[in-house]
Amino acid sequence: MANLATSLSFIILALLALARGSNAGSIAIYWGQNGNEGTLAETCATGNYEYAILAFLPTFGNGQTPMINLAGHCDPYSNGCTKLSSDIKSCQAKGIKVLLSLGGGAGSYSLASPQDARQVATYLWNNFLGGSSPSRPLGPAVLDGIDFDIEGGSNLYWDDLARYLKGYINKGRKVYLTAAPQCPFPDSWIGNALKTGLFDNVWVQFYNNPPCQYSSEVTNLEDAWKQWTSDIPANKIFLGLPASPEAAGSGFIDVNDLTSKVLPAIKGSSKYGGVMLWSRYYDDQSGYSSSIKNHV
């Protein structure tokens, strides 16, 4: 009888762990815009992140030669970023998905037509994903997908770009598509693209947007969260946050408020995916991801 009780208690503990795990979220981090944030391999070695997003490819489209910008990490003009291939592979060996982010808050990008979108998709496939090119900016490593952080230019043809990218099969694996819209719904830049249902994860920026970000009470954020989770056909929606007060103009959430008020209000959604942080540099300074990891 004692053995049966022991077995039952073990099963109950296992089921409780499974229940907790089933709604356990992931942390996604943006890396690349500060040379003092450590290497990509060091970032992945923390064990805090499930997604590493390389920021940014800020120049592309409309006939421009695409150009990556990883700030102080490497010089793309002298092929200096090809050394990142080993870092990318070390992240992927740990099960971390590595994505390239298009756009950003400062850049020169737009799509002129569906044909332009196709050309950009082909470029991305050959230079960063499963295709081949003599001049891959990050070397031979095959990224897991593409992130759309579109904050300017035009709101046209991003849905075409998503469709063309999703048409590729990445060395037998799917191409992940993610996006970082602003929390006011619908997003004015990529709102139409998000309706396609082609995006795996959408990390919504709940910062620098006072109408829908957290401020002492959770109502505005919760209302916006419900709209995003009910109206966008993505696999998972993430809560996008600054990793420290210095990382954004507004919207930082204290760890205690996040864990006691905000996360309990949104984790009930089946689309809850976790938390996105801007950025590795600020997270390295603040230790925010380490503080929230067990609660996400």
# chains A, B, ... in the order shown; residues from 1 in each chain; ligands from 1
$ residues_around --residues "A:Trp125" --least-positions-apart "2" --cutoff "10 Å" --atoms "only C-alpha atoms" --output "ChimeraX atom specification"
/A:119-123,127-133,142-143,145-146,164-165,168-170,175
$ select_by_dssp --residues "stretch 131-259 of chain A" --states "strand (DSSP E or B)" --output "PyMOL selection string"
chain A and resi 145-150+169-170+173-174+176-179+182+201-205+215+217+236-242
$ write_last_selection --atoms "C-alpha atoms" --output "PDB file, in the first residue's frame"
ATOM      1  CA  GLY A 145      14.007  32.668 -39.508  1.00  0.00           C
ATOM      2  CA  ILE A 146      13.246  36.335 -40.028  1.00  0.00           C
ATOM      3  CA  ASP A 147      11.819  38.924 -37.633  1.00  0.00           C
ATOM      4  CA  PHE A 148       9.828  41.945 -38.867  1.00  0.00           C
ATOM      5  CA  ASP A 149      10.558  45.019 -36.720  1.00  0.00           C
ATOM      6  CA  ILE A 150       9.039  47.489 -39.148  1.00  0.00           C
ATOM      7  CA  ILE A 169      11.737  25.169 -46.517  1.00  0.00           C
ATOM      8  CA  ASN A 170      14.894  25.829 -44.506  1.00  0.00           C
ATOM      9  CA  ARG A 173      13.028  22.861 -41.405  1.00  0.00           C
ATOM     10  CA  LYS A 174      10.399  25.555 -41.603  1.00  0.00           C
ATOM     11  CA  TYR A 176      10.235  30.927 -38.593  1.00  0.00           C
ATOM     12  CA  LEU A 177       8.543  34.290 -39.030  1.00  0.00           C
ATOM     13  CA  THR A 178       8.208  36.656 -36.081  1.00  0.00           C
ATOM     14  CA  ALA A 179       7.257  40.313 -35.690  1.00  0.00           C
ATOM     15  CA  GLN A 182       3.666  48.360 -31.357  1.00  0.00           C
ATOM     16  CA  ASN A 201       5.543  34.444 -32.747  1.00  0.00           C
ATOM     17  CA  VAL A 202       4.507  38.073 -32.359  1.00  0.00           C
ATOM     18  CA  TRP A 203       6.365  40.004 -29.638  1.00  0.00           C
ATOM     19  CA  VAL A 204       4.256  43.103 -29.094  1.00  0.00           C
ATOM     20  CA  GLN A 205       6.115  46.211 -27.905  1.00  0.00           C
ATOM     21  CA  SER A 215       1.402  52.071 -15.467  1.00  0.00           C
ATOM     22  CA  GLU A 217      -2.450  49.253 -12.889  1.00  0.00           C
ATOM     23  CA  LYS A 236       2.132  32.698 -29.793  1.00  0.00           C
ATOM     24  CA  ILE A 237       1.983  36.290 -28.567  1.00  0.00           C
ATOM     25  CA  PHE A 238       4.797  37.625 -26.348  1.00  0.00           C
ATOM     26  CA  LEU A 239       4.849  40.552 -23.942  1.00  0.00           C
ATOM     27  CA  GLY A 240       7.576  42.868 -25.265  1.00  0.00           C
ATOM     28  CA  LEU A 241       9.327  44.885 -22.534  1.00  0.00           C
ATOM     29  CA  PRO A 242      12.451  46.991 -21.902  1.00  0.00           C
TER      30      PRO A 242
END
$ closest_atom_pairs --of "stretch 113-203 of chain A" --to "stretch 65-86 of chain A" --cutoff "8 Å" --atoms "only C-alpha atoms" --output "tab-separated table"
residue	atom	partner	partner_atom	distance
A:Arg136	CA	A:Thr82	CA	7.4
A:Pro137	CA	A:Thr82	CA	5.6
A:Leu138	CA	A:Thr82	CA	4.1
A:Gly139	CA	A:Thr82	CA	4.2
A:Pro140	CA	A:Ser85	CA	6.3
A:Ala141	CA	A:Ser85	CA	4.9
$ closest_residue --among "A:Ser26, A:Ser90, A:Gln213, A:Asn34" --to "A:Ile253" --atoms "only C-alpha atoms"
A:Gln213
$ residues_around --residues "stretch 35-50 of chain A" --least-positions-apart "3" --cutoff "7 Å" --atoms "only C-alpha atoms" --output "list in words"
Ser26, Ile27, Ala28, Ile29, Ala71, Gly72, His73, Asp87, Ser90, Cys91, Ile96, Lys97, Arg280, Tyr281, Asp284, Ser289, Ser290 and Lys293 of chain A
$ write_last_selection --atoms "N, CA, C and O atoms" --output "PDB file, in the first residue's frame"
ATOM      1  N   SER A  26       8.631  31.445 -22.807  1.00  0.00           N
ATOM      2  CA  SER A  26      10.021  31.596 -23.218  1.00  0.00           C
ATOM      3  C   SER A  26      10.414  33.065 -23.107  1.00  0.00           C
ATOM      4  O   SER A  26       9.561  33.944 -23.028  1.00  0.00           O
ATOM      5  N   ILE A  27      11.722  33.310 -23.141  1.00  0.00           N
ATOM      6  CA  ILE A  27      12.225  34.683 -23.211  1.00  0.00           C
ATOM      7  C   ILE A  27      12.959  34.853 -24.538  1.00  0.00           C
ATOM      8  O   ILE A  27      13.814  34.036 -24.901  1.00  0.00           O
ATOM      9  N   ALA A  28      12.597  35.901 -25.251  1.00  0.00           N
ATOM     10  CA  ALA A  28      13.280  36.265 -26.499  1.00  0.00           C
ATOM     11  C   ALA A  28      14.090  37.531 -26.239  1.00  0.00           C
ATOM     12  O   ALA A  28      13.637  38.430 -25.534  1.00  0.00           O
ATOM     13  N   ILE A  29      15.298  37.591 -26.803  1.00  0.00           N
ATOM     14  CA  ILE A  29      16.179  38.739 -26.572  1.00  0.00           C
ATOM     15  C   ILE A  29      16.686  39.305 -27.896  1.00  0.00           C
ATOM     16  O   ILE A  29      17.011  38.545 -28.807  1.00  0.00           O
ATOM     17  N   ALA A  71      26.244  47.146 -35.079  1.00  0.00           N
ATOM     18  CA  ALA A  71      26.917  48.153 -34.254  1.00  0.00           C
ATOM     19  C   ALA A  71      28.388  47.814 -34.062  1.00  0.00           C
ATOM     20  O   ALA A  71      29.098  47.565 -35.026  1.00  0.00           O
ATOM     21  N   GLY A  72      28.847  47.792 -32.820  1.00  0.00           N
ATOM     22  CA  GLY A  72      30.270  47.578 -32.553  1.00  0.00           C
ATOM     23  C   GLY A  72      30.730  46.137 -32.615  1.00  0.00           C
ATOM     24  O   GLY A  72      31.903  45.855 -32.379  1.00  0.00           O
ATOM     25  N   HIS A  73      29.825  45.210 -32.933  1.00  0.00           N
ATOM     26  CA  HIS A  73      30.212  43.790 -32.910  1.00  0.00           C
ATOM     27  C   HIS A  73      31.098  43.392 -34.085  1.00  0.00           C
ATOM     28  O   HIS A  73      31.970  42.530 -33.945  1.00  0.00           O
ATOM     29  N   ASP A  87      29.206  31.355 -33.483  1.00  0.00           N
ATOM     30  CA  ASP A  87      28.326  31.744 -32.369  1.00  0.00           C
ATOM     31  C   ASP A  87      26.886  31.307 -32.647  1.00  0.00           C
ATOM     32  O   ASP A  87      26.193  30.790 -31.759  1.00  0.00           O
ATOM     33  N   SER A  90      26.540  27.686 -32.125  1.00  0.00           N
ATOM     34  CA  SER A  90      26.586  27.286 -30.710  1.00  0.00           C
ATOM     35  C   SER A  90      25.241  27.558 -30.039  1.00  0.00           C
ATOM     36  O   SER A  90      24.789  26.792 -29.181  1.00  0.00           O
ATOM     37  N   CYS A  91      24.586  28.656 -30.432  1.00  0.00           N
ATOM     38  CA  CYS A  91      23.245  28.932 -29.902  1.00  0.00           C
ATOM     39  C   CYS A  91      22.266  27.850 -30.344  1.00  0.00           C
ATOM     40  O   CYS A  91      21.481  27.322 -29.538  1.00  0.00           O
ATOM     41  N   ILE A  96      18.391  27.010 -29.151  1.00  0.00           N
ATOM     42  CA  ILE A  96      17.936  28.405 -29.253  1.00  0.00           C
ATOM     43  C   ILE A  96      17.728  28.759 -30.713  1.00  0.00           C
ATOM     44  O   ILE A  96      18.592  28.498 -31.551  1.00  0.00           O
ATOM     45  N   LYS A  97      16.589  29.331 -31.023  1.00  0.00           N
ATOM     46  CA  LYS A  97      16.306  29.784 -32.380  1.00  0.00           C
ATOM     47  C   LYS A  97      16.962  31.153 -32.586  1.00  0.00           C
ATOM     48  O   LYS A  97      16.796  32.056 -31.765  1.00  0.00           O
ATOM     49  N   ARG A 280      19.779  42.801 -25.078  1.00  0.00           N
ATOM     50  CA  ARG A 280      20.782  42.068 -24.310  1.00  0.00           C
ATOM     51  C   ARG A 280      21.677  43.013 -23.500  1.00  0.00           C
ATOM     52  O   ARG A 280      22.021  42.735 -22.344  1.00  0.00           O
ATOM     53  N   TYR A 281      22.056  44.145 -24.099  1.00  0.00           N
ATOM     54  CA  TYR A 281      22.933  45.081 -23.379  1.00  0.00           C
ATOM     55  C   TYR A 281      22.286  45.500 -22.054  1.00  0.00           C
ATOM     56  O   TYR A 281      22.919  45.462 -20.993  1.00  0.00           O
ATOM     57  N   ASP A 284      21.913  42.610 -19.586  1.00  0.00           N
ATOM     58  CA  ASP A 284      23.202  42.295 -18.970  1.00  0.00           C
ATOM     59  C   ASP A 284      23.465  43.241 -17.792  1.00  0.00           C
ATOM     60  O   ASP A 284      23.997  42.832 -16.755  1.00  0.00           O
ATOM     61  N   SER A 289      16.269  39.367 -16.963  1.00  0.00           N
ATOM     62  CA  SER A 289      15.811  38.029 -17.407  1.00  0.00           C
ATOM     63  C   SER A 289      16.050  36.985 -16.327  1.00  0.00           C
ATOM     64  O   SER A 289      15.239  36.083 -16.136  1.00  0.00           O
ATOM     65  N   SER A 290      17.177  37.098 -15.615  1.00  0.00           N
ATOM     66  CA  SER A 290      17.445  36.135 -14.532  1.00  0.00           C
ATOM     67  C   SER A 290      16.423  36.262 -13.415  1.00  0.00           C
ATOM     68  O   SER A 290      16.014  35.269 -12.805  1.00  0.00           O
ATOM     69  N   LYS A 293      12.915  34.803 -15.006  1.00  0.00           N
ATOM     70  CA  LYS A 293      12.912  33.541 -15.760  1.00  0.00           C
ATOM     71  C   LYS A 293      11.991  32.479 -15.166  1.00  0.00           C
ATOM     72  O   LYS A 293      11.242  31.826 -15.893  1.00  0.00           O
TER      73      LYS A 293
END
$ residues_around --residues "A:Asp159" --least-positions-apart "5" --cutoff "10 Å" --atoms "only C-alpha atoms" --output "list in words"
Pro114, Ala117, Tyr164, Leu165, Ile190, Gly191, Asn192, Ala193, Leu194, Lys195, Thr196, Gly197 and Leu198 of chain A
$ write_last_selection --atoms "C-alpha atoms" --output "mmCIF file, in the first residue's frame"
data_model
loop_
_atom_site.group_PDB
_atom_site.id
_atom_site.type_symbol
_atom_site.label_atom_id
_atom_site.label_comp_id
_atom_site.auth_asym_id
_atom_site.auth_seq_id
_atom_site.Cartn_x
_atom_site.Cartn_y
_atom_site.Cartn_z
ATOM 1 C CA PRO A 114 5.251 42.614 -54.722
ATOM 2 C CA ALA A 117 9.194 41.801 -51.833
ATOM 3 C CA TYR A 164 7.457 34.493 -50.141
ATOM 4 C CA LEU A 165 9.581 33.685 -47.091
ATOM 5 C CA ILE A 190 2.601 45.543 -40.398
ATOM 6 C CA GLY A 191 -1.030 45.181 -39.330
ATOM 7 C CA ASN A 192 -2.012 43.702 -42.703
ATOM 8 C CA ALA A 193 0.912 41.287 -42.785
ATOM 9 C CA LEU A 194 -0.029 39.966 -39.337
ATOM 10 C CA LYS A 195 -3.503 39.049 -40.614
ATOM 11 C CA THR A 196 -1.987 36.458 -42.971
ATOM 12 C CA GLY A 197 -1.581 33.939 -40.144
ATOM 13 C CA LEU A 198 1.977 33.216 -41.340
#
$ residues_around --residues "A:Ser269" --least-positions-apart "2" --cutoff "10 Å" --atoms "only C-alpha atoms" --output "list of chain:residue names"
A:Asn23, A:Trp225, A:Lys226, A:Thr229, A:Ser230, A:Lys236, A:Ile237, A:Ala265, A:Ile266, A:Lys267, A:Lys271, A:Tyr272, A:Gly273
$ residues_around --residues "A:Gln64" --least-positions-apart "3" --cutoff "10 Å" --atoms "only C-alpha atoms" --output "list in words"
Thr59, Phe60, Gly61, Met67, Ser108, Tyr109, Ser110 and Val120 of chain A
$ write_last_selection --atoms "all heavy atoms" --output "mmCIF file, in the first residue's frame"
data_model
loop_
_atom_site.group_PDB
_atom_site.id
_atom_site.type_symbol
_atom_site.label_atom_id
_atom_site.label_comp_id
_atom_site.auth_asym_id
_atom_site.auth_seq_id
_atom_site.Cartn_x
_atom_site.Cartn_y
_atom_site.Cartn_z
ATOM 1 N N THR A 59 18.864 48.254 -43.853
ATOM 2 C CA THR A 59 18.891 48.787 -45.216
ATOM 3 C C THR A 59 18.542 47.685 -46.202
ATOM 4 O O THR A 59 19.267 46.688 -46.293
ATOM 5 C CB THR A 59 20.295 49.349 -45.546
ATOM 6 O OG1 THR A 59 20.650 50.322 -44.567
ATOM 7 C CG2 THR A 59 20.317 49.975 -46.930
ATOM 8 N N PHE A 60 17.412 47.822 -46.870
ATOM 9 C CA PHE A 60 16.993 46.847 -47.883
ATOM 10 C C PHE A 60 15.765 47.394 -48.605
ATOM 11 O O PHE A 60 15.092 48.305 -48.126
ATOM 12 C CB PHE A 60 16.669 45.483 -47.251
ATOM 13 C CG PHE A 60 15.496 45.506 -46.314
ATOM 14 C CD1 PHE A 60 14.209 45.274 -46.770
ATOM 15 C CD2 PHE A 60 15.665 45.778 -44.958
ATOM 16 C CE1 PHE A 60 13.120 45.314 -45.914
ATOM 17 C CE2 PHE A 60 14.584 45.817 -44.084
ATOM 18 C CZ PHE A 60 13.303 45.587 -44.572
ATOM 19 N N GLY A 61 15.466 46.783 -49.735
ATOM 20 C CA GLY A 61 14.244 47.122 -50.469
ATOM 21 C C GLY A 61 14.393 48.330 -51.372
ATOM 22 O O GLY A 61 15.330 49.129 -51.242
ATOM 23 N N MET A 67 22.110 45.817 -46.353
ATOM 24 C CA MET A 67 23.290 45.915 -45.499
ATOM 25 C C MET A 67 22.910 45.687 -44.042
ATOM 26 O O MET A 67 21.985 46.312 -43.531
ATOM 27 C CB MET A 67 23.942 47.290 -45.658
ATOM 28 C CG MET A 67 25.235 47.457 -44.895
ATOM 29 S SD MET A 67 26.515 46.216 -45.285
ATOM 30 C CE MET A 67 26.933 46.686 -46.968
ATOM 31 N N SER A 108 16.820 52.557 -43.402
ATOM 32 C CA SER A 108 16.366 52.974 -44.721
ATOM 33 C C SER A 108 15.774 51.754 -45.396
ATOM 34 O O SER A 108 16.484 50.977 -46.027
ATOM 35 C CB SER A 108 17.553 53.520 -45.527
ATOM 36 O OG SER A 108 17.209 53.663 -46.889
ATOM 37 N N TYR A 109 14.486 51.551 -45.210
ATOM 38 C CA TYR A 109 13.872 50.339 -45.746
ATOM 39 C C TYR A 109 12.428 50.588 -46.143
ATOM 40 O O TYR A 109 11.712 51.358 -45.514
ATOM 41 C CB TYR A 109 13.948 49.193 -44.735
ATOM 42 C CG TYR A 109 13.372 49.505 -43.360
ATOM 43 C CD1 TYR A 109 12.011 49.346 -43.109
ATOM 44 C CD2 TYR A 109 14.182 49.944 -42.324
ATOM 45 C CE1 TYR A 109 11.481 49.626 -41.851
ATOM 46 C CE2 TYR A 109 13.666 50.226 -41.072
ATOM 47 C CZ TYR A 109 12.311 50.064 -40.840
ATOM 48 O OH TYR A 109 11.780 50.342 -39.607
ATOM 49 N N SER A 110 12.040 49.921 -47.207
ATOM 50 C CA SER A 110 10.648 49.899 -47.656
ATOM 51 C C SER A 110 10.580 48.922 -48.813
ATOM 52 O O SER A 110 11.611 48.541 -49.379
ATOM 53 C CB SER A 110 10.173 51.287 -48.115
ATOM 54 O OG SER A 110 10.902 51.692 -49.259
ATOM 55 N N VAL A 120 13.607 40.710 -52.195
ATOM 56 C CA VAL A 120 14.141 40.760 -50.827
ATOM 57 C C VAL A 120 14.079 39.366 -50.189
ATOM 58 O O VAL A 120 15.029 38.931 -49.522
ATOM 59 C CB VAL A 120 13.389 41.804 -49.975
ATOM 60 C CG1 VAL A 120 13.769 41.690 -48.496
ATOM 61 C CG2 VAL A 120 13.679 43.215 -50.487
#
$ closest_residue --among "A:Trp228, A:Phe252, A:Tyr288, A:Phe185" --to "A:Asn208" --atoms "only C-alpha atoms"
A:Phe252
$ atom_distance --atom1 "atom CA of A:Pro58" --atom2 "atom CA of A:Pro181"
15.9 Å
$ atom_distance --atom1 "atom CA of A:Asn220" --atom2 "atom CA of A:Glu246"
22.3 Å
$ atom_distance --atom1 "atom CA of A:Leu221" --atom2 "atom CA of A:Ser286"
23.0 Å
$ decode --residues "stretch 112-141 of chain A" --atoms "N, CA, C and O atoms" --output "compact mmCIF listing (two decimals), in the first residue's frame"
# COMPACT_ATOMS: atom_id res chain seq x y z
N ALA A 112 8.84 48.34 -52.57
CA ALA A 112 8.22 49.15 -53.62
C ALA A 112 7.08 48.45 -54.33
O ALA A 112 6.23 49.10 -54.94
N SER A 113 7.05 47.10 -54.25
CA SER A 113 6.07 46.33 -55.02
C SER A 113 6.12 44.87 -54.57
O SER A 113 7.06 44.47 -53.87
N PRO A 114 5.15 44.05 -55.01
CA PRO A 114 5.25 42.61 -54.72
C PRO A 114 6.53 42.01 -55.31
O PRO A 114 7.12 41.11 -54.71
N GLN A 115 6.96 42.51 -56.46
CA GLN A 115 8.20 41.99 -57.07
C GLN A 115 9.41 42.33 -56.20
O GLN A 115 10.33 41.51 -56.03
N ASP A 116 9.40 43.53 -55.63
CA ASP A 116 10.47 43.93 -54.73
C ASP A 116 10.48 43.03 -53.50
O ASP A 116 11.54 42.59 -53.03
N ALA A 117 9.30 42.71 -52.98
CA ALA A 117 9.19 41.80 -51.83
C ALA A 117 9.79 40.44 -52.18
O ALA A 117 10.49 39.83 -51.36
N ARG A 118 9.52 39.98 -53.40
CA ARG A 118 10.07 38.68 -53.82
C ARG A 118 11.59 38.74 -53.90
O ARG A 118 12.28 37.81 -53.47
N GLN A 119 12.13 39.85 -54.41
CA GLN A 119 13.58 39.99 -54.51
C GLN A 119 14.23 40.01 -53.13
O GLN A 119 15.28 39.40 -52.91
N VAL A 120 13.61 40.71 -52.19
CA VAL A 120 14.14 40.76 -50.83
C VAL A 120 14.08 39.37 -50.19
O VAL A 120 15.03 38.93 -49.52
N ALA A 121 12.97 38.65 -50.41
CA ALA A 121 12.85 37.30 -49.87
C ALA A 121 13.94 36.39 -50.43
O ALA A 121 14.56 35.60 -49.70
N THR A 122 14.19 36.50 -51.73
CA THR A 122 15.23 35.69 -52.36
C THR A 122 16.60 36.03 -51.78
O THR A 122 17.42 35.14 -51.50
N TYR A 123 16.84 37.32 -51.59
CA TYR A 123 18.11 37.75 -50.98
C TYR A 123 18.27 37.16 -49.58
O TYR A 123 19.33 36.63 -49.22
N LEU A 124 17.22 37.26 -48.77
CA LEU A 124 17.28 36.74 -47.40
C LEU A 124 17.51 35.23 -47.40
O LEU A 124 18.30 34.71 -46.61
N TRP A 125 16.81 34.54 -48.29
CA TRP A 125 16.96 33.09 -48.38
C TRP A 125 18.40 32.71 -48.74
O TRP A 125 19.02 31.86 -48.09
N ASN A 126 18.94 33.36 -49.74
CA ASN A 126 20.27 32.99 -50.22
C ASN A 126 21.40 33.44 -49.29
O ASN A 126 22.44 32.79 -49.23
N ASN A 127 21.17 34.52 -48.55
CA ASN A 127 22.26 35.09 -47.76
C ASN A 127 22.21 34.79 -46.27
O ASN A 127 23.23 34.91 -45.59
N PHE A 128 21.02 34.41 -45.76
CA PHE A 128 20.91 34.16 -44.32
C PHE A 128 20.22 32.84 -43.97
O PHE A 128 20.38 32.33 -42.87
N LEU A 129 19.43 32.31 -44.90
CA LEU A 129 18.66 31.09 -44.61
C LEU A 129 19.27 29.90 -45.35
O LEU A 129 20.47 29.76 -45.39
N GLY A 130 18.43 29.05 -45.93
CA GLY A 130 18.94 27.79 -46.46
C GLY A 130 19.49 27.82 -47.87
O GLY A 130 19.91 26.80 -48.40
N GLY A 131 19.48 28.99 -48.52
CA GLY A 131 20.02 29.09 -49.87
C GLY A 131 21.53 29.24 -49.86
O GLY A 131 22.19 29.01 -48.85
N SER A 132 22.09 29.65 -50.99
CA SER A 132 23.53 29.82 -51.05
C SER A 132 23.89 31.09 -51.80
O SER A 132 23.15 31.52 -52.70
N SER A 133 25.00 31.69 -51.40
CA SER A 133 25.48 32.93 -51.99
C SER A 133 26.97 33.01 -51.72
O SER A 133 27.43 32.54 -50.67
N PRO A 134 27.74 33.59 -52.62
CA PRO A 134 29.19 33.73 -52.37
C PRO A 134 29.51 34.76 -51.30
O PRO A 134 30.66 34.86 -50.86
N SER A 135 28.51 35.52 -50.87
CA SER A 135 28.80 36.61 -49.93
C SER A 135 27.82 36.63 -48.77
O SER A 135 27.15 37.63 -48.53
N ARG A 136 27.71 35.52 -48.05
CA ARG A 136 26.79 35.49 -46.91
C ARG A 136 27.36 36.35 -45.77
O ARG A 136 28.43 36.03 -45.24
N PRO A 137 26.65 37.42 -45.36
CA PRO A 137 27.20 38.35 -44.37
C PRO A 137 27.56 37.71 -43.03
O PRO A 137 28.47 38.18 -42.34
N LEU A 138 26.81 36.67 -42.64
CA LEU A 138 27.09 36.01 -41.35
C LEU A 138 27.76 34.65 -41.54
O LEU A 138 27.78 33.83 -40.62
N GLY A 139 28.29 34.43 -42.73
CA GLY A 139 28.97 33.17 -42.99
C GLY A 139 28.00 32.03 -43.28
O GLY A 139 26.82 32.26 -43.58
N PRO A 140 28.47 30.79 -43.18
CA PRO A 140 27.66 29.64 -43.61
C PRO A 140 26.51 29.25 -42.68
O PRO A 140 25.65 28.47 -43.08
N ALA A 141 26.48 29.75 -41.46
CA ALA A 141 25.40 29.36 -40.54
C ALA A 141 24.04 29.68 -41.15
O ALA A 141 23.86 30.71 -41.80
